[in-house]
$ cat structure.txt   # compact mmCIF, C-alpha atoms
# COMPACT_ATOMS: atom_id res chain seq x y z
CA MET A 2 26.83 0.12 0.09
CA PHE A 3 27.29 -3.64 -0.20
CA ALA A 4 24.70 -5.85 -1.89
CA LEU A 5 23.51 -9.26 -0.78
CA PRO A 6 24.41 -11.67 -3.60
CA PRO A 7 21.49 -13.60 -5.11
CA VAL A 8 21.24 -17.22 -4.04
CA PRO A 9 19.61 -19.08 -6.93
CA VAL A 10 17.22 -21.87 -6.07
CA ASP A 11 18.27 -23.83 -9.16
CA ARG A 12 20.10 -22.13 -12.01
CA ARG A 13 19.21 -25.01 -14.34
CA LYS A 14 15.57 -23.97 -14.15
CA HIS A 15 16.36 -20.58 -15.69
CA ASP A 16 15.44 -20.01 -19.28
CA PRO A 17 18.66 -19.05 -21.15
CA GLU A 18 16.66 -16.66 -23.34
CA LEU A 19 15.37 -14.82 -20.28
CA GLU A 20 18.89 -14.50 -18.86
CA PHE A 21 20.15 -13.20 -22.20
CA ARG A 22 17.39 -10.59 -22.45
CA LEU A 23 18.02 -9.38 -18.92
CA ARG A 24 21.79 -9.12 -19.30
CA ASN A 25 21.47 -7.20 -22.55
CA GLY A 26 18.47 -5.05 -21.57
CA LEU A 27 16.44 -5.98 -24.63
CA ASN A 28 13.28 -3.95 -24.96
CA LYS A 29 9.87 -5.54 -25.07
CA PRO A 30 7.68 -4.62 -28.02
CA VAL A 31 4.93 -2.04 -27.55
CA PRO A 32 1.81 -2.82 -29.63
CA HIS A 33 1.09 -0.04 -32.07
CA GLY A 34 -1.21 2.64 -30.67
CA ARG A 35 -1.25 1.19 -27.16
CA PHE A 36 0.59 2.19 -24.01
CA ARG A 37 0.44 1.70 -20.26
CA SER A 38 -2.70 3.00 -18.59
CA ILE A 39 -2.79 6.27 -16.72
CA GLY A 40 -3.68 6.16 -13.04
CA LEU A 41 -1.80 3.07 -11.85
CA GLY A 42 0.08 5.23 -9.35
CA LEU A 43 -3.20 6.81 -8.30
CA ILE A 44 -4.59 3.39 -7.33
CA THR A 45 -1.50 2.50 -5.31
CA GLY A 46 -1.44 5.88 -3.62
CA ALA A 47 -5.12 5.68 -2.71
CA ALA A 48 -4.67 2.18 -1.29
CA ASP A 49 -1.97 3.56 0.99
CA ASP A 50 -4.63 5.75 2.63
CA ASP A 51 -6.63 2.72 3.80
CA PRO A 52 -9.08 2.95 6.76
CA ALA A 53 -6.37 1.90 9.23
CA ALA A 54 -4.06 4.62 7.88
CA ILE A 55 -6.89 7.17 8.03
CA GLY A 56 -7.35 6.27 11.69
CA THR A 57 -3.63 6.87 12.29
CA TYR A 58 -3.62 10.23 10.48
CA ALA A 59 -6.79 11.31 12.29
CA ALA A 60 -5.23 10.34 15.63
CA VAL A 61 -2.14 12.41 14.81
CA GLY A 62 -4.21 15.46 13.87
CA ALA A 63 -6.49 15.14 16.89
CA SER A 64 -3.70 14.66 19.43
CA LEU A 65 -0.93 16.86 18.02
CA GLY A 66 -2.81 19.43 15.96
CA PRO A 67 -1.24 21.00 12.86
CA SER A 68 2.32 20.69 14.21
CA PHE A 69 2.86 17.38 12.35
CA LEU A 70 1.72 18.54 8.89
CA TRP A 71 5.38 18.87 7.85
CA THR A 72 5.73 15.07 7.85
CA VAL A 73 3.56 14.77 4.72
CA PRO A 74 5.87 16.56 2.23
CA VAL A 75 8.91 14.95 3.87
CA LEU A 76 7.54 11.45 3.21
CA PHE A 77 6.57 12.15 -0.41
CA PRO A 78 9.97 11.32 -2.00
CA MET A 79 10.17 8.12 0.07
CA MET A 80 6.73 7.01 -1.13
CA PHE A 81 7.75 7.72 -4.70
CA ALA A 82 11.00 5.76 -4.32
CA VAL A 83 9.28 2.65 -2.91
CA VAL A 84 6.53 2.50 -5.52
CA TYR A 85 8.73 3.41 -8.49
CA LEU A 86 11.33 0.77 -7.61
CA CYS A 87 8.61 -1.88 -7.45
CA SER A 88 7.14 -0.64 -10.72
CA LYS A 89 10.51 -0.83 -12.44
CA LEU A 90 11.15 -4.29 -11.02
CA GLY A 91 7.84 -5.58 -12.41
CA GLN A 92 8.43 -4.05 -15.85
CA VAL A 93 12.02 -5.25 -16.22
CA ALA A 94 11.66 -8.74 -14.73
CA GLY A 95 8.19 -9.32 -16.19
CA GLU A 96 7.19 -10.95 -12.89
CA GLY A 97 5.89 -9.93 -9.48
CA LEU A 98 8.12 -9.26 -6.48
CA PHE A 99 7.84 -12.70 -4.87
CA ALA A 100 8.38 -14.47 -8.20
CA VAL A 101 11.65 -12.57 -8.56
CA ILE A 102 12.68 -13.42 -5.00
CA ARG A 103 11.84 -17.09 -5.61
CA ARG A 104 13.85 -17.13 -8.84
CA HIS A 105 16.99 -15.55 -7.38
CA TYR A 106 17.07 -16.15 -3.63
CA SER A 107 17.01 -19.04 -1.20
CA ARG A 108 13.76 -20.39 0.25
CA TRP A 109 15.19 -19.53 3.69
CA ILE A 110 14.84 -15.90 2.69
CA LEU A 111 11.63 -16.31 0.71
CA PHE A 112 9.31 -18.17 3.08
CA PRO A 113 9.82 -16.23 6.36
CA ILE A 114 9.12 -12.98 4.50
CA LEU A 115 6.13 -14.59 2.75
CA ILE A 116 4.59 -15.71 6.05
CA CYS A 117 5.02 -12.28 7.66
CA ALA A 118 3.66 -10.47 4.59
CA MET A 119 0.58 -12.70 4.37
CA ILE A 120 -0.21 -12.46 8.09
CA GLY A 121 0.18 -8.68 8.02
CA ASN A 122 -1.98 -8.30 4.90
CA VAL A 123 -4.81 -10.47 6.24
CA ILE A 124 -4.89 -8.85 9.68
CA GLU A 125 -4.90 -5.35 8.23
CA ALA A 126 -7.55 -6.34 5.68
CA GLY A 127 -9.69 -7.61 8.56
CA ALA A 128 -9.24 -4.35 10.44
CA ASP A 129 -10.12 -2.40 7.29
CA ILE A 130 -13.27 -4.46 6.72
CA GLY A 131 -14.26 -3.62 10.29
CA GLY A 132 -13.40 0.03 9.64
CA ILE A 133 -15.61 0.15 6.53
CA ALA A 134 -18.47 -1.47 8.46
CA ALA A 135 -18.15 0.94 11.40
CA ALA A 136 -18.09 3.94 9.06
CA LEU A 137 -21.07 2.71 7.01
CA ASN A 138 -22.99 2.01 10.21
CA LEU A 139 -22.87 5.74 10.98
CA VAL A 140 -25.09 6.47 7.96
CA VAL A 141 -26.80 3.10 7.37
CA PRO A 142 -28.52 1.85 10.55
CA ILE A 143 -28.16 -1.90 9.99
CA PRO A 144 -26.22 -4.42 12.11
CA ILE A 145 -22.45 -4.12 11.72
CA TRP A 146 -22.05 -7.89 11.31
CA LEU A 147 -24.24 -7.79 8.22
CA ILE A 148 -22.14 -4.98 6.73
CA VAL A 149 -18.95 -6.94 7.47
CA VAL A 150 -20.28 -9.97 5.60
CA ALA A 151 -21.55 -7.86 2.68
CA VAL A 152 -18.23 -6.01 2.32
CA SER A 153 -16.26 -9.28 2.47
CA VAL A 154 -18.43 -11.05 -0.12
CA THR A 155 -18.43 -8.03 -2.44
CA THR A 156 -14.66 -7.57 -2.41
CA ALA A 157 -14.00 -11.30 -2.85
CA ALA A 158 -16.44 -11.53 -5.77
CA LEU A 159 -14.79 -8.55 -7.46
CA GLN A 160 -11.35 -10.19 -7.22
CA ILE A 161 -12.45 -13.64 -8.34
CA TRP A 162 -14.89 -12.81 -11.13
CA GLY A 163 -13.82 -9.32 -12.13
CA SER A 164 -11.18 -8.88 -14.83
CA TYR A 165 -8.01 -6.88 -14.19
CA THR A 166 -9.20 -4.02 -16.42
CA LEU A 167 -12.57 -3.86 -14.60
CA ILE A 168 -10.88 -3.82 -11.19
CA ARG A 169 -8.38 -1.19 -12.35
CA ASP A 170 -11.11 1.10 -13.71
CA ILE A 171 -13.28 0.75 -10.59
CA PHE A 172 -10.31 1.53 -8.36
CA ARG A 173 -9.43 4.67 -10.33
CA TRP A 174 -12.93 6.10 -9.86
CA LEU A 175 -13.07 5.13 -6.19
CA ALA A 176 -9.71 6.83 -5.64
CA LEU A 177 -11.13 10.14 -6.84
CA VAL A 178 -13.80 9.96 -4.11
CA LEU A 179 -10.99 10.61 -1.63
CA LEU A 180 -11.19 14.25 -2.68
CA ALA A 181 -14.04 14.35 -0.14
CA TYR A 182 -11.33 14.91 2.48
CA VAL A 183 -10.48 18.23 0.85
CA GLY A 184 -14.10 19.26 1.42
CA ALA A 185 -14.00 18.04 5.02
CA ALA A 186 -10.86 20.13 5.66
CA VAL A 187 -12.39 23.25 4.07
CA LEU A 188 -15.51 22.87 6.22
CA ALA A 189 -13.25 22.67 9.28
CA LYS A 190 -12.16 26.31 8.62
CA PRO A 191 -8.53 25.97 9.71
CA ASP A 192 -6.39 28.95 10.67
CA VAL A 193 -4.19 29.63 7.62
CA ALA A 194 -1.20 31.00 9.52
CA THR A 195 -1.11 28.01 11.87
CA VAL A 196 -1.45 25.60 8.98
CA LEU A 197 1.43 27.19 7.04
CA LYS A 198 3.62 27.12 10.14
CA GLY A 199 2.88 23.44 10.75
CA THR A 200 3.54 22.61 7.10
CA PHE A 201 6.84 24.39 6.51
CA ILE A 202 8.46 24.56 9.96
CA PRO A 203 9.23 21.07 11.28
CA LYS A 204 8.51 20.67 14.98
CA LEU A 205 9.02 17.52 17.01
CA HIS A 206 8.83 17.07 20.76
CA PHE A 207 11.05 14.23 21.91
CA ASP A 208 8.42 12.71 24.16
CA ALA A 209 7.03 9.18 23.93
CA HIS A 210 3.72 10.18 22.30
CA SER A 211 5.20 12.42 19.59
CA LEU A 212 7.87 9.87 18.68
CA SER A 213 5.35 7.02 18.58
CA MET A 214 3.12 9.10 16.27
CA LEU A 215 6.09 9.80 13.98
CA VAL A 216 6.93 6.12 13.84
CA ALA A 217 3.28 5.27 13.14
CA ILE A 218 3.11 7.76 10.26
CA ILE A 219 6.27 6.38 8.63
CA GLY A 220 5.18 2.77 9.07
CA THR A 221 1.67 3.46 7.79
CA THR A 222 2.74 5.55 4.81
CA LEU A 223 5.38 3.08 3.56
CA SER A 224 3.14 0.01 3.83
CA ALA A 225 4.51 -3.36 2.71
CA TYR A 226 1.42 -4.45 0.77
CA LEU A 227 2.08 -1.71 -1.79
CA TYR A 228 5.36 -3.33 -2.87
CA SER A 229 3.82 -6.53 -4.14
CA TRP A 230 0.74 -4.84 -5.59
CA GLN A 231 2.69 -2.34 -7.70
CA SER A 232 5.00 -4.95 -9.23
CA ASN A 233 2.07 -7.26 -10.03
CA GLN A 234 -0.03 -4.40 -11.37
CA GLU A 235 2.74 -3.72 -13.89
CA VAL A 236 2.72 -7.38 -14.95
CA GLU A 237 -1.07 -7.36 -15.37
CA GLU A 238 -0.76 -4.15 -17.37
CA ASP A 239 1.79 -5.79 -19.69
CA ILE A 240 -0.58 -8.69 -20.26
CA THR A 241 -3.39 -6.32 -21.26
CA LEU A 242 -0.96 -4.97 -23.88
CA GLY A 243 -0.64 -8.45 -25.37
CA ARG A 244 2.60 -9.49 -23.67
CA ARG A 245 1.38 -12.82 -22.38
CA ARG A 246 4.70 -14.65 -22.46
CA LEU A 247 7.35 -13.93 -19.87
CA THR A 248 9.93 -13.36 -22.61
CA ASP A 249 7.75 -10.60 -24.07
CA ARG A 250 7.35 -8.87 -20.71
CA MET A 251 11.02 -8.77 -19.76
CA GLY A 252 12.96 -5.55 -20.25
CA THR A 253 11.49 -2.09 -20.74
CA THR A 254 12.09 1.22 -22.49
CA HIS A 255 13.05 4.70 -21.29
CA LYS A 256 9.70 5.89 -22.59
CA GLU A 257 7.78 3.39 -20.46
CA LEU A 258 9.84 4.11 -17.35
CA ASN A 259 9.39 7.86 -17.80
CA HIS A 260 5.66 7.34 -18.23
CA SER A 261 5.55 5.23 -15.05
CA ALA A 262 7.66 7.74 -13.11
CA LYS A 263 5.30 10.60 -13.98
CA ASP A 264 2.20 8.50 -13.27
CA ILE A 265 3.56 7.31 -9.91
CA ALA A 266 4.66 10.82 -8.94
CA ALA A 267 1.14 12.11 -9.68
CA GLY A 268 -0.37 9.25 -7.66
CA MET A 269 1.90 9.89 -4.68
CA VAL A 270 1.14 13.63 -4.79
CA PHE A 271 -2.57 12.74 -4.66
CA ALA A 272 -2.05 10.31 -1.77
CA ASN A 273 0.01 12.86 0.15
CA LEU A 274 -2.59 15.57 -0.35
CA ILE A 275 -5.28 13.26 1.01
CA THR A 276 -3.09 12.42 4.03
CA TYR A 277 -2.50 16.14 4.53
CA PHE A 278 -6.20 17.03 4.46
CA ILE A 279 -7.13 14.17 6.79
CA MET A 280 -4.63 15.43 9.36
CA LEU A 281 -5.68 19.03 8.73
CA SER A 282 -9.42 18.40 9.14
CA THR A 283 -8.98 16.66 12.51
CA ALA A 284 -6.31 19.12 13.68
CA ALA A 285 -8.53 22.11 12.91
CA THR A 286 -11.55 20.62 14.67
CA LEU A 287 -10.95 17.80 17.14
CA PHE A 288 -7.59 19.05 18.44
CA LYS A 289 -9.01 22.55 18.83
CA ALA A 290 -12.07 21.20 20.65
CA GLY A 291 -9.95 19.08 22.99
CA LYS A 292 -11.14 15.75 21.55
CA ASN A 293 -7.70 14.18 21.41
CA ASP A 294 -8.47 10.52 22.04
CA ILE A 295 -9.21 9.24 18.51
CA SER A 296 -8.02 5.82 17.40
CA THR A 297 -10.15 4.83 14.38
CA ALA A 298 -11.45 6.47 11.22
CA ALA A 299 -15.07 5.87 12.29
CA GLN A 300 -14.46 7.63 15.62
CA ALA A 301 -13.00 10.59 13.74
CA ALA A 302 -16.00 10.77 11.39
CA GLN A 303 -18.41 10.60 14.32
CA ALA A 304 -16.51 13.21 16.35
CA LEU A 305 -16.41 15.64 13.42
CA VAL A 306 -20.21 15.95 13.25
CA PRO A 307 -20.83 18.09 16.35
CA VAL A 308 -17.66 20.13 15.76
CA ALA A 309 -17.60 20.75 11.99
CA GLY A 310 -21.14 19.76 11.00
CA LYS A 311 -22.91 16.75 9.50
CA LEU A 312 -21.56 17.37 6.01
CA ALA A 313 -17.93 17.22 7.19
CA GLY A 314 -18.65 13.97 9.03
CA LEU A 315 -20.41 12.53 5.98
CA LEU A 316 -17.54 13.45 3.66
CA PHE A 317 -15.08 11.82 6.06
CA THR A 318 -17.20 8.66 6.11
CA ILE A 319 -17.49 8.54 2.31
CA GLY A 320 -13.71 8.69 2.07
CA VAL A 321 -13.24 5.83 4.54
CA VAL A 322 -15.67 3.56 2.70
CA SER A 323 -14.32 4.33 -0.77
CA VAL A 324 -10.68 3.77 0.06
CA GLY A 325 -11.57 0.65 2.02
CA PHE A 326 -13.04 -0.91 -1.11
CA ILE A 327 -9.69 -0.26 -2.82
CA ALA A 328 -7.36 -1.30 -0.01
CA VAL A 329 -9.01 -4.57 1.06
CA PRO A 330 -8.87 -6.22 -2.40
CA ILE A 331 -5.29 -4.99 -2.89
CA MET A 332 -4.20 -6.52 0.42
CA ILE A 333 -6.01 -9.81 -0.20
CA THR A 334 -4.98 -10.12 -3.85
CA GLY A 335 -1.45 -9.17 -2.82
CA ALA A 336 -1.39 -12.06 -0.34
CA ALA A 337 -2.64 -14.43 -3.06
CA TYR A 338 -0.03 -13.17 -5.53
CA ASP A 339 2.73 -13.64 -2.95
CA LEU A 340 1.73 -17.20 -2.02
CA CYS A 341 1.22 -18.39 -5.60
CA GLN A 342 4.47 -16.85 -6.81
CA ALA A 343 6.42 -18.30 -3.90
CA LEU A 344 5.06 -21.79 -4.64
CA GLY A 345 5.10 -21.51 -8.42
CA TRP A 346 1.32 -21.75 -8.85
CA LYS A 347 -0.53 -20.26 -11.80
CA HIS A 348 -2.03 -16.89 -10.85
CA GLY A 349 -3.33 -13.60 -12.20
CA LEU A 350 -6.45 -11.44 -12.44
CA HIS A 351 -6.42 -11.69 -16.24
CA TYR A 352 -7.19 -15.43 -16.25
CA PRO A 353 -10.76 -16.83 -16.26
CA PRO A 354 -11.61 -18.14 -12.75
CA SER A 355 -11.57 -21.76 -13.93
CA GLU A 356 -7.88 -21.50 -14.96
CA VAL A 357 -6.54 -20.17 -11.64
CA LYS A 358 -8.55 -22.07 -9.05
CA THR A 359 -5.76 -22.14 -6.46
CA PHE A 360 -5.23 -18.38 -6.80
CA ASN A 361 -8.95 -17.75 -6.32
CA LEU A 362 -9.19 -20.20 -3.42
CA THR A 363 -6.39 -18.27 -1.73
CA ILE A 364 -8.32 -15.03 -2.23
CA ALA A 365 -11.47 -16.62 -0.79
CA ALA A 366 -9.61 -18.13 2.18
CA CYS A 367 -7.77 -14.91 3.04
CA THR A 368 -11.00 -12.91 2.78
CA ALA A 369 -12.80 -15.41 5.03
CA VAL A 370 -10.07 -15.20 7.66
CA ALA A 371 -10.07 -11.39 7.50
CA MET A 372 -13.86 -11.34 7.88
CA CYS A 373 -13.84 -13.80 10.79
CA LEU A 374 -11.34 -11.66 12.71
CA ASN A 375 -14.23 -9.22 13.19
CA PHE A 376 -16.33 -11.93 14.90
CA LEU A 377 -13.72 -13.41 17.25
CA GLY A 378 -13.86 -10.64 19.80
CA PHE A 379 -10.49 -9.12 18.88
CA ASN A 380 -10.05 -5.43 19.55
CA PRO A 381 -9.41 -4.00 16.04
CA MET A 382 -6.76 -1.60 17.32
CA LYS A 383 -4.93 -4.41 19.12
CA ALA A 384 -5.14 -6.47 15.93
CA LEU A 385 -3.51 -3.59 14.07
CA VAL A 386 -0.75 -3.49 16.69
CA TRP A 387 -0.03 -7.16 15.99
CA SER A 388 -0.19 -6.47 12.26
CA SER A 389 2.32 -3.64 12.70
CA VAL A 390 4.65 -5.93 14.64
CA VAL A 391 4.50 -8.66 11.97
CA GLN A 392 4.93 -6.18 9.13
CA GLY A 393 7.65 -4.48 11.13
CA LEU A 394 9.65 -7.68 10.65
CA SER A 395 8.90 -8.20 6.95
CA THR A 396 8.82 -4.65 5.59
CA PRO A 397 12.50 -3.77 6.18
CA LEU A 398 13.61 -7.13 4.74
CA LEU A 399 11.40 -6.64 1.69
CA MET A 400 12.77 -3.14 1.13
CA LEU A 401 16.33 -4.41 1.51
CA LEU A 402 15.65 -7.13 -1.07
CA ILE A 403 14.10 -4.59 -3.44
CA MET A 404 17.24 -2.47 -3.20
CA PHE A 405 19.53 -5.48 -3.67
CA ILE A 406 17.48 -6.66 -6.67
CA THR A 407 17.24 -3.27 -8.40
CA THR A 408 20.98 -2.67 -8.02
CA ASN A 409 21.95 -6.12 -9.28
CA ARG A 410 22.91 -6.11 -12.96
CA GLN A 411 22.41 -9.88 -13.25
CA ILE A 412 18.72 -9.35 -12.49
CA MET A 413 18.01 -5.88 -13.88
CA GLY A 414 20.43 -5.75 -16.82
CA ARG A 415 21.09 -2.16 -17.86
CA TRP A 416 18.09 -0.98 -15.86
CA VAL A 417 19.89 -0.94 -12.51
CA ASN A 418 19.22 2.07 -10.32
CA THR A 419 20.81 5.42 -11.05
CA ARG A 420 22.91 7.00 -8.30
CA PRO A 421 20.20 9.53 -7.24
CA LEU A 422 17.59 6.77 -7.07
CA ASN A 423 19.98 4.62 -5.06
CA VAL A 424 20.54 7.41 -2.54
CA LEU A 425 16.81 7.99 -2.19
CA GLY A 426 16.14 4.25 -1.99
CA TRP A 427 18.67 3.66 0.78
CA LEU A 428 17.41 6.69 2.74
CA THR A 429 13.90 5.25 2.46
CA THR A 430 15.17 1.85 3.58
CA ALA A 431 16.82 3.47 6.61
CA ALA A 432 13.58 5.27 7.47
CA ILE A 433 11.59 2.03 7.18
CA CYS A 434 14.08 0.13 9.35
CA SER A 435 14.01 2.91 11.98
CA ALA A 436 10.21 2.95 11.99
CA SER A 437 10.06 -0.82 12.36
CA LEU A 438 12.50 -0.77 15.28
CA GLY A 439 10.41 1.98 16.84
CA LEU A 440 7.21 -0.02 16.41
CA LEU A 441 8.83 -3.07 17.99
CA ALA A 442 10.12 -0.99 20.90
CA THR A 443 6.65 0.51 21.42
CA TRP A 444 5.09 -2.95 21.37
CA LEU A 445 7.62 -4.37 23.83
CA LYS A 446 6.86 -1.55 26.28
CA ARG A 447 3.18 -2.53 26.21
CA LEU A 448 3.92 -6.09 27.27
$ encode --input "structure.txt" --output "structure tokens"
Amino acid sequence: MFALPPVPVDRRKHDPELEFRLRNGLNKPVPHGRFRSIGLGLITGAADDDPAAIGTYAAVGASLGPSFLWTVPVLFPMMFAVVYLCSKLGQVAGEGLFAVIRRHYSRWILFPILICAMIGNVIEAGADIGGIAAALNLVVPIPIWLIVVAVSVTTAALQIWGSYTLIRDIFRWLALVLLAYVGAAVLAKPDVATVLKGTFIPKLHFDAHSLSMLVAIIGTTLSAYLYSWQSNQEVEEDITLGRRRLTDRMGTTHKELNHSAKDIAAGMVFANLITYFIMLSTAATLFKAGKNDISTAAQAAQALVPVAGKLAGLLFTIGVVSVGFIAVPIMITGAAYDLCQALGWKHGLHYPPSEVKTFNLTIAACTAVAMCLNFLGFNPMKALVWSSVVQGLSTPLLMLLIMFITTNRQIMGRWVNTRPLNVLGWLTTAAICSASLGLLATWLKRL
């Protein structure tokens, strides 16, 4: 497989020491008694099951029943590949994804991808804010507009005034709340034999609906906003370990990569289990009851009540709200990271707010736009279609760049991908490209 050669913006701007450390794979020091936190993969995996994704999984379960459960274990290695590659990139380069692209590639590659990524992140964050509000409104009888404003202000305040360690710790606890979907699935009392058949015997009807659902699952599971977040989370983690200079963050060790691989694998297993139980709970109840027309997470939670009971509906709602408070900040902060890195602005959650005003203004502006999308009369599902189209353009290009970067010895030094990881990475890239083409084809048919 050929690799796109890096196009440096200006080689004279490179620090010779950085280039030397990369080429020779020098290891960064690990402070005595300290190591990378556990649960970074859990946060990323939980964010992947955002309210929009929950709506997609619920729609699949309600319309196709348990016959699509096999897609969850099939997508697990692809999820692992995407997140691990981004994790390794952040640890080796010592910078986030868009900072690496800016350093090594032309602006004609950088800025189109940046624009698509930011638009996709903000639109999906807006849809997720609306999803949180709709779900909360089922149990808290106050106007939805007030909930939208409260959610937006709360998430923005957390990003601007909360430290990285505070945000990380809050996200880890919120991620565990997603176990509520296991309870919702148990209360649905699914037929074990049917579930096992749907899990281990792949079945796919080659009709428009089944294929569109397959494309939606792939596109939703391998979301673009995870790429930037994971690489930047690794950088923030390095800084908490005392590696504040770029030269100290560059390079890694086998021990750190093994630790990250295990942590990410555990996080992706958790995310896949949650996806599985979301699909299972709606397949065992709504599909069986003939309630097949579900398009949002709030609709699924509401529809579960008369079929599986109030507790199942409440557990489903709790899961939507919890993961929404993880996903929205990750999407918005990811957009701010991407913009600041592309333009060379100072950024980071570890800085006091007064030192990264532009970064925080970007967070505030993106949050405001996402919030306002809920007041402009846009249909949230149509907004997500547009988001899917925009991300359908940027996601394959981002994944291609990630593969080119992580196989390039000039950038990664001795930490280039192994052959098995390359095979898995290129298979994942092919799946993402196919899903994006499918999404674009679906969209064009609707015009």
$ closest_atom_pairs --input "structure.txt" --of "segment 100-194 of chain A" --to "segment 43-55 of chain A" --cutoff "6 Å" --atoms "all atoms listed in the file" --output "CSV"
residue,atom,partner,partner_atom,distance
A:Asp129,CA,A:Pro52,CA,5.5
A:Gly132,CA,A:Pro52,CA,6.0
A:Arg173,CA,A:Ile44,CA,5.8
A:Ala176,CA,A:Ala47,CA,5.6
$ residues_around --input "structure.txt" --residues "Ala313 of chain A" --least-positions-apart "3" --cutoff "9 Å" --atoms "all atoms listed in the file" --output "list of chain:residue names"
A:Ala181, A:Tyr182, A:Gly184, A:Ala185, A:Ala186, A:Val187, A:Leu188, A:Ala189, A:Ser282, A:Ala302, A:Leu305, A:Val306, A:Ala309, A:Gly310, A:Leu316, A:Phe317, A:Thr318
$ atom_distance --input "structure.txt" --atom1 "atom CA of Leu76 of chain A" --atom2 "atom CA of Phe326 of chain A"
24.4 Å
$ closest_residue --input "structure.txt" --among "A:Thr359, A:Thr408, A:Thr430, A:Asn273" --to "Leu179 of chain A" --atoms "only C-alpha atoms"
A:Asn273
$ closest_residue --input "structure.txt" --among "A:Ile120, A:Leu137, A:Ile102, A:Ala272" --to "Leu344 of chain A" --atoms "only C-alpha atoms"
A:Ile102
